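Reproduced below: run_17.cif, with mmCIF, C-alpha atoms.
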```
data_data
loop_
_atom_site.group_PDB
_atom_site.id
_atom_site.type_symbol
_atom_site.label_atom_id
_atom_site.label_comp_id
_atom_site.auth_asym_id
_atom_site.auth_seq_id
_atom_site.Cartn_x
_atom_site.Cartn_y
_atom_site.Cartn_z
ATOM 1 C CA MET A 1014 136.830 132.644 80.244
ATOM 2 C CA GLU A 1015 133.362 132.676 78.665
ATOM 3 C CA PHE A 1016 132.040 129.345 77.499
ATOM 4 C CA THR A 1017 131.563 129.316 73.721
ATOM 5 C CA GLY A 1018 131.148 125.569 73.200
ATOM 6 C CA PHE A 1019 133.441 122.579 73.127
ATOM 7 C CA GLY A 1020 136.124 122.579 70.475
ATOM 8 C CA GLU A 1021 135.529 121.074 67.049
ATOM 9 C CA GLY A 1022 138.081 118.365 67.809
ATOM 10 C CA ALA A 1023 136.593 117.190 71.125
ATOM 11 C CA VAL A 1024 134.537 114.268 69.804
ATOM 12 C CA GLU A 1025 137.274 113.173 67.427
ATOM 13 C CA PHE A 1026 139.768 113.264 70.297
ATOM 14 C CA TYR A 1027 137.718 110.740 72.264
ATOM 15 C CA ASP A 1028 137.130 108.611 69.163
ATOM 16 C CA GLY A 1029 140.887 108.365 68.851
ATOM 17 C CA LEU A 1030 141.444 107.715 72.549
ATOM 18 C CA MET A 1031 138.974 104.834 72.497
ATOM 19 C CA ALA A 1032 140.903 103.297 69.610
ATOM 20 C CA ASP A 1033 144.341 103.942 71.148
ATOM 21 C CA ASN A 1034 144.238 104.402 74.915
ATOM 22 C CA SER A 1035 147.977 104.822 75.274
ATOM 23 C CA ARG A 1036 150.403 107.296 76.748
ATOM 24 C CA ALA A 1037 151.816 107.982 73.293
ATOM 25 C CA PHE A 1038 148.405 108.990 71.913
ATOM 26 C CA TRP A 1039 147.645 111.057 75.006
ATOM 27 C CA GLU A 1040 150.884 113.009 74.885
ATOM 28 C CA ASP A 1041 150.601 113.591 71.137
ATOM 29 C CA HIS A 1042 147.080 114.997 71.531
ATOM 30 C CA LEU A 1043 147.426 116.741 74.911
ATOM 31 C CA PRO A 1044 147.216 120.280 73.432
ATOM 32 C CA LEU A 1045 143.961 119.280 71.687
ATOM 33 C CA TYR A 1046 142.534 117.892 74.941
ATOM 34 C CA ARG A 1047 143.435 121.049 76.841
ATOM 35 C CA ALA A 1048 142.023 123.435 74.221
ATOM 36 C CA ASP A 1049 138.924 121.604 72.976
ATOM 37 C CA VAL A 1050 137.867 119.601 76.061
ATOM 38 C CA ARG A 1051 139.358 120.671 79.391
ATOM 39 C CA ALA A 1052 139.296 124.455 79.015
ATOM 40 C CA PRO A 1053 135.701 124.550 77.686
ATOM 41 C CA MET A 1054 134.531 122.209 80.476
ATOM 42 C CA GLU A 1055 136.130 124.467 83.104
ATOM 43 C CA ALA A 1056 134.482 127.504 81.491
ATOM 44 C CA LEU A 1057 131.087 125.754 81.374
ATOM 45 C CA LEU A 1058 131.311 124.824 85.038
ATOM 46 C CA ALA A 1059 132.379 128.340 86.043
ATOM 47 C CA GLU A 1060 129.277 129.819 84.390
ATOM 48 C CA LEU A 1061 126.949 127.322 86.055
ATOM 49 C CA LEU A 1062 128.420 127.617 89.552
ATOM 50 C CA PRO A 1063 126.701 130.913 90.517
ATOM 51 C CA GLU A 1064 123.264 129.321 90.114
ATOM 52 C CA PHE A 1065 123.853 125.733 91.218
ATOM 53 C CA GLY A 1066 126.814 126.068 93.530
ATOM 54 C CA ARG A 1067 124.957 128.155 96.119
ATOM 55 C CA GLU A 1068 123.152 125.072 97.425
ATOM 56 C CA PHE A 1069 125.543 122.297 96.491
ATOM 57 C CA GLY A 1070 129.020 123.619 97.141
ATOM 58 C CA GLU A 1071 132.056 123.640 94.922
ATOM 59 C CA GLY A 1072 132.412 122.263 91.446
ATOM 60 C CA LYS A 1073 135.239 120.261 89.952
ATOM 61 C CA VAL A 1074 136.338 118.806 86.647
ATOM 62 C CA PHE A 1075 137.435 115.211 87.109
ATOM 63 C CA ARG A 1076 140.974 114.079 86.390
ATOM 64 C CA PRO A 1077 141.476 112.312 83.052
ATOM 65 C CA TYR A 1078 143.380 109.417 84.622
ATOM 66 C CA ARG A 1079 141.722 106.148 85.581
ATOM 67 C CA ASP A 1080 142.315 104.439 88.912
ATOM 68 C CA VAL A 1081 143.548 101.061 87.676
ATOM 69 C CA ARG A 1082 144.827 99.664 90.980
ATOM 70 C CA PHE A 1083 142.010 97.131 91.337
ATOM 71 C CA ALA A 1084 140.694 97.113 87.764
ATOM 72 C CA ARG A 1085 141.080 94.384 85.177
ATOM 73 C CA ASP A 1086 141.091 97.049 82.486
ATOM 74 C CA LYS A 1087 144.444 98.806 82.791
ATOM 75 C CA SER A 1088 143.682 101.508 80.208
ATOM 76 C CA PRO A 1089 145.240 104.622 81.748
ATOM 77 C CA TYR A 1090 142.832 107.321 80.516
ATOM 78 C CA LYS A 1091 139.114 107.956 80.864
ATOM 79 C CA THR A 1092 137.250 108.090 77.551
ATOM 80 C CA HIS A 1093 135.135 111.021 78.723
ATOM 81 C CA CYS A 1094 135.531 114.310 80.589
ATOM 82 C CA GLY A 1095 133.117 114.878 83.449
ATOM 83 C CA ALA A 1096 132.399 117.722 85.850
ATOM 84 C CA VAL A 1097 130.219 117.887 88.945
ATOM 85 C CA ILE A 1098 128.786 120.238 91.541
ATOM 86 C CA GLU A 1099 128.073 118.475 94.832
ATOM 87 C CA GLN A 1100 128.491 118.829 98.580
ATOM 88 C CA GLY A 1101 129.505 115.207 98.966
ATOM 89 C CA ARG A 1102 128.987 112.054 96.960
ATOM 90 C CA GLY A 1103 125.463 110.669 97.287
ATOM 91 C CA GLY A 1104 123.592 113.655 98.676
ATOM 92 C CA GLY A 1105 122.575 115.130 95.324
ATOM 93 C CA ALA A 1106 124.760 116.165 92.395
ATOM 94 C CA TYR A 1107 124.739 118.095 89.144
ATOM 95 C CA TYR A 1108 126.852 116.225 86.581
ATOM 96 C CA VAL A 1109 127.854 116.882 82.955
ATOM 97 C CA GLU A 1110 130.035 114.824 80.633
ATOM 98 C CA ILE A 1111 131.432 114.959 77.101
ATOM 99 C CA SER A 1112 132.651 111.912 75.176
ATOM 100 C CA SER A 1113 132.623 110.458 71.683
ATOM 101 C CA ALA A 1114 128.909 109.770 72.256
ATOM 102 C CA GLY A 1115 128.206 113.494 72.700
ATOM 103 C CA LEU A 1116 126.911 115.255 75.807
ATOM 104 C CA ARG A 1117 125.377 113.723 78.917
ATOM 105 C CA ALA A 1118 123.842 115.290 82.027
ATOM 106 C CA GLY A 1119 122.820 113.638 85.265
ATOM 107 C CA GLY A 1120 122.010 114.072 88.916
ATOM 108 C CA GLY A 1121 120.883 112.386 92.104
ATOM 109 C CA CYS A 1122 122.558 109.811 94.329
ATOM 110 C CA PHE A 1123 125.413 108.313 92.327
ATOM 111 C CA HIS A 1124 126.884 106.476 95.319
ATOM 112 C CA LEU A 1125 125.474 105.856 98.788
ATOM 113 C CA GLU A 1126 127.526 104.982 101.842
ATOM 114 C CA SER A 1127 125.833 102.784 104.451
ATOM 115 C CA ASP A 1128 124.610 105.724 106.553
ATOM 116 C CA GLN A 1129 123.248 107.485 103.460
ATOM 117 C CA LEU A 1130 121.505 104.329 102.293
ATOM 118 C CA ALA A 1131 119.832 103.972 105.690
ATOM 119 C CA ARG A 1132 118.513 107.548 105.502
ATOM 120 C CA PHE A 1133 117.408 107.054 101.878
ATOM 121 C CA ARG A 1134 115.372 103.970 102.760
ATOM 122 C CA GLN A 1135 113.941 105.581 105.865
ATOM 123 C CA ALA A 1136 112.665 108.510 103.780
ATOM 124 C CA VAL A 1137 111.342 106.295 100.975
ATOM 125 C CA ASP A 1138 109.507 104.189 103.546
ATOM 126 C CA THR A 1139 107.363 107.149 104.631
ATOM 127 C CA GLU A 1140 104.277 108.133 102.686
ATOM 128 C CA ILE A 1141 105.158 111.841 102.660
ATOM 129 C CA HIS A 1142 108.809 111.742 101.595
ATOM 130 C CA GLY A 1143 108.620 108.521 99.596
ATOM 131 C CA GLY A 1144 105.527 109.731 97.784
ATOM 132 C CA ALA A 1145 107.255 113.027 97.001
ATOM 133 C CA LEU A 1146 110.194 111.173 95.446
ATOM 134 C CA GLU A 1147 107.850 109.059 93.336
ATOM 135 C CA GLY A 1148 106.288 112.231 91.952
ATOM 136 C CA ILE A 1149 109.681 113.795 91.219
ATOM 137 C CA LEU A 1150 110.887 110.712 89.363
ATOM 138 C CA ARG A 1151 107.643 110.426 87.425
ATOM 139 C CA ARG A 1152 108.023 113.999 86.177
ATOM 140 C CA LEU A 1153 111.638 113.370 85.184
ATOM 141 C CA ARG A 1154 110.655 110.326 83.127
ATOM 142 C CA ARG A 1155 107.985 112.351 81.350
ATOM 143 C CA SER A 1156 110.635 114.955 80.491
ATOM 144 C CA GLY A 1157 112.871 112.374 78.832
ATOM 145 C CA TRP A 1158 115.155 111.339 81.693
ATOM 146 C CA GLN A 1159 116.229 107.749 82.327
ATOM 147 C CA LEU A 1160 116.556 106.417 85.863
ATOM 148 C CA ALA A 1161 119.496 104.210 86.761
ATOM 149 C CA GLY A 1162 121.436 102.907 89.733
ATOM 150 C CA ASP A 1163 122.575 99.819 91.591
ATOM 151 C CA VAL A 1164 119.512 97.714 92.451
ATOM 152 C CA LEU A 1165 119.167 94.692 94.735
ATOM 153 C CA LYS A 1166 117.768 91.540 93.129
ATOM 154 C CA THR A 1167 115.774 90.819 96.285
ATOM 155 C CA LYS A 1168 113.985 93.095 98.747
ATOM 156 C CA PRO A 1169 115.947 94.635 101.624
ATOM 157 C CA ARG A 1170 115.756 92.856 104.951
ATOM 158 C CA GLY A 1171 112.627 93.719 106.934
ATOM 159 C CA VAL A 1172 110.693 95.217 104.009
ATOM 160 C CA PRO A 1173 107.321 93.537 103.350
ATOM 161 C CA ASP A 1174 106.592 92.111 99.896
ATOM 162 C CA GLY A 1175 103.636 94.424 99.406
ATOM 163 C CA HIS A 1176 105.406 97.694 100.185
ATOM 164 C CA PRO A 1177 104.052 100.375 97.770
ATOM 165 C CA ARG A 1178 107.578 101.626 96.999
ATOM 166 C CA LEU A 1179 109.422 98.310 97.008
ATOM 167 C CA ASP A 1180 111.162 99.056 93.695
ATOM 168 C CA LEU A 1181 112.647 102.255 95.117
ATOM 169 C CA LEU A 1182 113.687 100.552 98.339
ATOM 170 C CA LYS A 1183 115.742 98.039 96.341
ATOM 171 C CA HIS A 1184 118.008 100.831 95.072
ATOM 172 C CA ARG A 1185 121.505 101.158 96.538
ATOM 173 C CA SER A 1186 122.054 104.195 94.325
ATOM 174 C CA LEU A 1187 119.592 106.195 92.261
ATOM 175 C CA TYR A 1188 120.217 108.829 89.635
ATOM 176 C CA ALA A 1189 118.745 110.322 86.468
ATOM 177 C CA VAL A 1190 120.613 110.723 83.161
ATOM 178 C CA ARG A 1191 119.936 111.975 79.664
ATOM 179 C CA GLY A 1192 122.140 112.499 76.653
ATOM 180 C CA TRP A 1193 122.461 114.216 73.300
ATOM 181 C CA GLU A 1194 124.354 112.833 70.346
ATOM 182 C CA PRO A 1195 127.099 115.020 68.852
ATOM 183 C CA ASP A 1196 125.564 117.994 67.044
ATOM 184 C CA ASP A 1197 126.315 121.637 66.244
ATOM 185 C CA THR A 1198 124.995 122.750 69.644
ATOM 186 C CA LEU A 1199 127.878 120.936 71.342
ATOM 187 C CA HIS A 1200 130.270 123.445 69.803
ATOM 188 C CA GLU A 1201 128.180 126.542 70.461
ATOM 189 C CA ARG A 1202 127.303 128.669 73.467
ATOM 190 C CA ALA A 1203 123.815 127.153 73.256
ATOM 191 C CA CYS A 1204 125.343 124.058 74.890
ATOM 192 C CA LEU A 1205 125.415 126.064 78.143
ATOM 193 C CA ASP A 1206 121.647 126.612 77.887
ATOM 194 C CA ARG A 1207 121.140 122.900 77.240
ATOM 195 C CA VAL A 1208 122.996 121.917 80.407
ATOM 196 C CA ARG A 1209 121.418 124.691 82.493
ATOM 197 C CA LYS A 1210 117.905 123.619 81.447
ATOM 198 C CA ALA A 1211 118.699 119.978 82.221
ATOM 199 C CA TRP A 1212 120.109 120.803 85.645
ATOM 200 C CA ARG A 1213 117.078 122.919 86.496
ATOM 201 C CA GLN A 1214 114.899 119.889 85.783
ATOM 202 C CA LEU A 1215 117.030 117.956 88.271
ATOM 203 C CA ARG A 1216 116.721 120.539 91.043
ATOM 204 C CA GLU A 1217 113.755 118.888 92.807
ATOM 205 C CA PHE A 1218 115.504 115.520 92.816
ATOM 206 C CA ASN A 1219 118.758 116.950 94.138
ATOM 207 C CA GLU A 1220 116.981 118.959 96.823
ATOM 208 C CA TRP A 1221 115.171 115.805 97.944
ATOM 209 C CA ALA A 1222 118.527 113.994 98.133
ATOM 210 C CA ARG A 1223 120.104 116.882 100.020
ATOM 211 C CA ASP A 1224 117.287 117.029 102.563
ATOM 212 C CA HIS A 1225 116.744 113.301 103.117
ATOM 213 C CA VAL A 1226 120.101 111.660 102.328
ATOM 214 C CA GLY A 1227 122.737 114.316 102.853
ATOM 215 C CA VAL A 1228 126.502 113.986 103.047
ATOM 216 C CA SER A 1229 127.922 110.800 104.536
ATOM 217 C CA GLU A 1230 128.975 110.979 108.167
ATOM 218 C CA LYS A 1231 131.555 108.245 107.615
ATOM 219 C CA PRO A 1232 135.194 109.405 107.444
ATOM 220 C CA ARG A 1233 136.641 109.557 103.942
ATOM 221 C CA ARG A 1234 138.992 106.766 103.015
#
```

Output the file's structure as structure tokens, nothing else.
Amino acid sequence: MEFTGFGEGAVEFYDGLMADNSRAFWEDHLPLYRADVRAPMEALLAELLPEFGREFGEGKVFRPYRDVRFARDKSPYKTHCGAVIEQGRGGGAYYVEISSAGLRAGGGCFHLESDQLARFRQAVDTEIHGGALEGILRRLRRSGWQLAGDVLKTKPRGVPDGHPRLDLLKHRSLYAVRGWEPDDTLHERACLDRVRKAWRQLREFNEWARDHVGVSEKPRR
């Protein structure tokens, strides 16, 4: 199916779900979710896979159900729909999301296992690879991206106070995100161009993560 934009009811659906995150609301609005959110997201991902999937593997649209086993918030449904292309969590990713806030794109190292974190810090510690990452992140900021991630309050063990990339070494995850408020483009084929352009800007970052962090060698839980 060709992507022609998200349905006109997509944003309103998530407005309603945020107000009433219940099974009754979900079941009453399931056809709307499938037509205006899920199907367009699957179509968007299918059109992006030929370009971005060659290097980063398969894509998937995330399930709408929350894992509430260990969460205080027992709301059963996610208030967004996300999709990703990645080889394995942490080693670079192309991410897109729709919610009541509009559209969001992101990429990088969303989660790092201990072996990935060790490789990340080892690369950042070197002048060549760490300096390259600094340049990549600087260019992303200039293009309107925001950097985020889990950051230590203190420096990692063994890292000197004067390390030139101390701020980067404090990261336990590191990714870039940017968003667009709901507008007409969200419901048009031009939304595909918006996501494609954003993901192309992330390519350097993801390739750095692929080459220097990679997929975790730890067995999946």

Could you tell me which residues the PyMOL selection byres ((chain A and resi 1101-1118) around 6) grabs in this file, written as number ranges by chain? A: 1024, 1027-1028, 1093-1100, 1119-1125, 1190-1195, 1219, 1222-1223, 1226-1228

Select, counting all atoms listed in the file, all protein, DNA and RNA residues no farther than 12 Å from (146.3, 104.6, 79.8) in file coordinates, and express the selection as JSON, numbers by chain. {"A": [1030, 1031, 1032, 1033, 1034, 1035, 1036, 1037, 1038, 1039, 1040, 1077, 1078, 1079, 1080, 1081, 1086, 1087, 1088, 1089, 1090, 1091, 1092]}

Residues within 12 Å of (107.6, 116.1, 93.8), counting all atoms listed in the file, listed as a PyMOL selection string: chain A and resi 1141-1153+1214-1222

Between CA of Asp1206 in chain A and CA of Leu1058 in chain A, what distance in Å does the model show, to one decimal?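 It comes out at 12.2 Å.
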
Just the number, please: distance in Å from CA of Arg1202 in chain A to CA of Glu1071 in chain A, one decimal. 22.5 Å

Might you pull out every residue within 12 Å of Ala1203 in chain A, with all atoms listed in the file counted and same-chain residues fewer than 4 positions away left off, and present them as a list in words?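 With the cut-off at 12 Å, the set is Phe1016, Thr1017, Gly1018, Phe1019, Leu1057, Asp1196, Asp1197, Thr1198, Leu1199, Arg1207, Val1208, Arg1209 and Lys1210 of chain A.
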
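Separating CA of Leu1061 in chain A from CA of Glu1025 in chain A is a distance of 25.6 Å.
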
Between A:Asp1163, A:Asp1128, A:Glu1064, A:Asp1224, smallest distance to Trp1212 in chain A by only C-alpha atoms belongs to A:Glu1064

Determine the axis-aligned bounding box of all atoms of range 1030-1039 of chain A present in the file, pad each side by 6 Å, and express its centre and edge lengths in Å to one decimal place as lines of an AutoDock Vina configuration file.
```
center_x = 145.4
center_y = 107.2
center_z = 73.2
size_x = 24.8
size_y = 19.8
size_z = 19.1
```

Saving range 1156-1170 of chain A with all heavy atoms, as a compact mmCIF listing (two decimals), in the first residue's frame, what would that file be?
```txt
# COMPACT_ATOMS: atom_id res chain seq x y z
N SER A 1156 21.25 21.60 12.72
CA SER A 1156 20.13 21.30 11.83
C SER A 1156 18.80 21.22 12.58
O SER A 1156 17.79 20.86 11.99
CB SER A 1156 20.38 19.98 11.10
OG SER A 1156 21.53 20.06 10.28
N GLY A 1157 18.81 21.50 13.87
CA GLY A 1157 17.58 21.54 14.63
C GLY A 1157 17.27 20.33 15.48
O GLY A 1157 16.19 20.24 16.05
N TRP A 1158 18.24 19.41 15.60
CA TRP A 1158 18.03 18.21 16.41
C TRP A 1158 18.36 18.49 17.87
O TRP A 1158 19.23 19.30 18.18
CB TRP A 1158 18.89 17.06 15.90
CG TRP A 1158 18.48 16.56 14.55
CD1 TRP A 1158 18.86 17.08 13.34
CD2 TRP A 1158 17.61 15.47 14.28
NE1 TRP A 1158 18.27 16.37 12.33
CE2 TRP A 1158 17.50 15.37 12.87
CE3 TRP A 1158 16.92 14.56 15.08
CZ2 TRP A 1158 16.72 14.40 12.26
CZ3 TRP A 1158 16.14 13.59 14.47
CH2 TRP A 1158 16.05 13.52 13.07
N GLN A 1159 17.67 17.77 18.77
CA GLN A 1159 17.97 17.83 20.19
C GLN A 1159 18.62 16.51 20.61
O GLN A 1159 18.19 15.45 20.16
CB GLN A 1159 16.70 18.06 21.01
CG GLN A 1159 16.08 19.42 20.81
CD GLN A 1159 14.87 19.62 21.71
OE1 GLN A 1159 14.15 18.68 22.04
NE2 GLN A 1159 14.64 20.86 22.12
N LEU A 1160 19.63 16.60 21.44
CA LEU A 1160 20.31 15.40 21.93
C LEU A 1160 19.75 15.04 23.30
O LEU A 1160 19.48 15.91 24.13
CB LEU A 1160 21.81 15.63 22.01
CG LEU A 1160 22.50 16.00 20.70
CD1 LEU A 1160 24.00 16.18 20.91
CD2 LEU A 1160 22.24 14.94 19.64
N ALA A 1161 19.58 13.75 23.52
CA ALA A 1161 19.01 13.28 24.78
C ALA A 1161 19.66 11.95 25.15
O ALA A 1161 20.48 11.41 24.41
CB ALA A 1161 17.49 13.11 24.65
N GLY A 1162 19.28 11.44 26.30
CA GLY A 1162 19.80 10.16 26.76
C GLY A 1162 19.96 10.12 28.26
O GLY A 1162 19.81 11.14 28.96
N ASP A 1163 20.27 8.95 28.78
CA ASP A 1163 20.52 8.75 30.20
C ASP A 1163 21.96 9.17 30.49
O ASP A 1163 22.89 8.66 29.86
CB ASP A 1163 20.29 7.28 30.54
CG ASP A 1163 20.47 7.00 32.02
OD1 ASP A 1163 20.41 7.96 32.81
OD2 ASP A 1163 20.70 5.83 32.38
N VAL A 1164 22.13 10.09 31.43
CA VAL A 1164 23.45 10.67 31.70
C VAL A 1164 23.81 10.50 33.18
O VAL A 1164 22.99 10.78 34.06
CB VAL A 1164 23.49 12.17 31.33
CG1 VAL A 1164 24.89 12.74 31.57
CG2 VAL A 1164 23.06 12.37 29.89
N LEU A 1165 25.03 10.05 33.44
CA LEU A 1165 25.52 9.94 34.82
C LEU A 1165 25.68 11.33 35.43
O LEU A 1165 26.03 12.30 34.75
CB LEU A 1165 26.88 9.25 34.84
CG LEU A 1165 26.93 7.76 34.46
CD1 LEU A 1165 28.39 7.33 34.32
CD2 LEU A 1165 26.23 6.92 35.51
N LYS A 1166 25.42 11.44 36.73
CA LYS A 1166 25.63 12.71 37.42
C LYS A 1166 27.12 12.95 37.70
O LYS A 1166 27.56 14.09 37.84
CB LYS A 1166 24.84 12.73 38.73
CG LYS A 1166 23.33 12.74 38.53
CD LYS A 1166 22.60 12.80 39.85
CE LYS A 1166 21.09 12.82 39.63
NZ LYS A 1166 20.33 12.86 40.92
N THR A 1167 27.87 11.87 37.81
CA THR A 1167 29.31 11.98 38.05
C THR A 1167 30.05 11.30 36.91
O THR A 1167 29.45 10.56 36.11
CB THR A 1167 29.70 11.32 39.37
OG1 THR A 1167 29.32 9.93 39.34
CG2 THR A 1167 28.99 11.99 40.54
N LYS A 1168 31.35 11.52 36.82
CA LYS A 1168 32.13 10.94 35.73
C LYS A 1168 32.27 9.43 35.92
O LYS A 1168 32.28 8.93 37.05
CB LYS A 1168 33.49 11.60 35.63
CG LYS A 1168 34.39 11.40 36.85
CD LYS A 1168 35.69 12.18 36.69
CE LYS A 1168 36.59 12.01 37.91
NZ LYS A 1168 37.07 10.63 38.09
N PRO A 1169 32.40 8.69 34.82
CA PRO A 1169 32.63 7.24 34.94
C PRO A 1169 33.95 6.95 35.64
O PRO A 1169 34.89 7.74 35.60
CB PRO A 1169 32.68 6.78 33.48
CG PRO A 1169 32.00 7.85 32.70
CD PRO A 1169 32.30 9.12 33.43
N ARG A 1170 34.02 5.80 36.26
CA ARG A 1170 35.22 5.41 36.98
C ARG A 1170 36.43 5.36 36.04
O ARG A 1170 36.35 4.82 34.94
CB ARG A 1170 35.02 4.03 37.62
CG ARG A 1170 36.17 3.57 38.51
CD ARG A 1170 35.85 2.22 39.11
NE ARG A 1170 34.61 2.27 39.91
CZ ARG A 1170 34.04 1.20 40.45
NH1 ARG A 1170 34.56 0.00 40.24
NH2 ARG A 1170 32.94 1.34 41.16
```
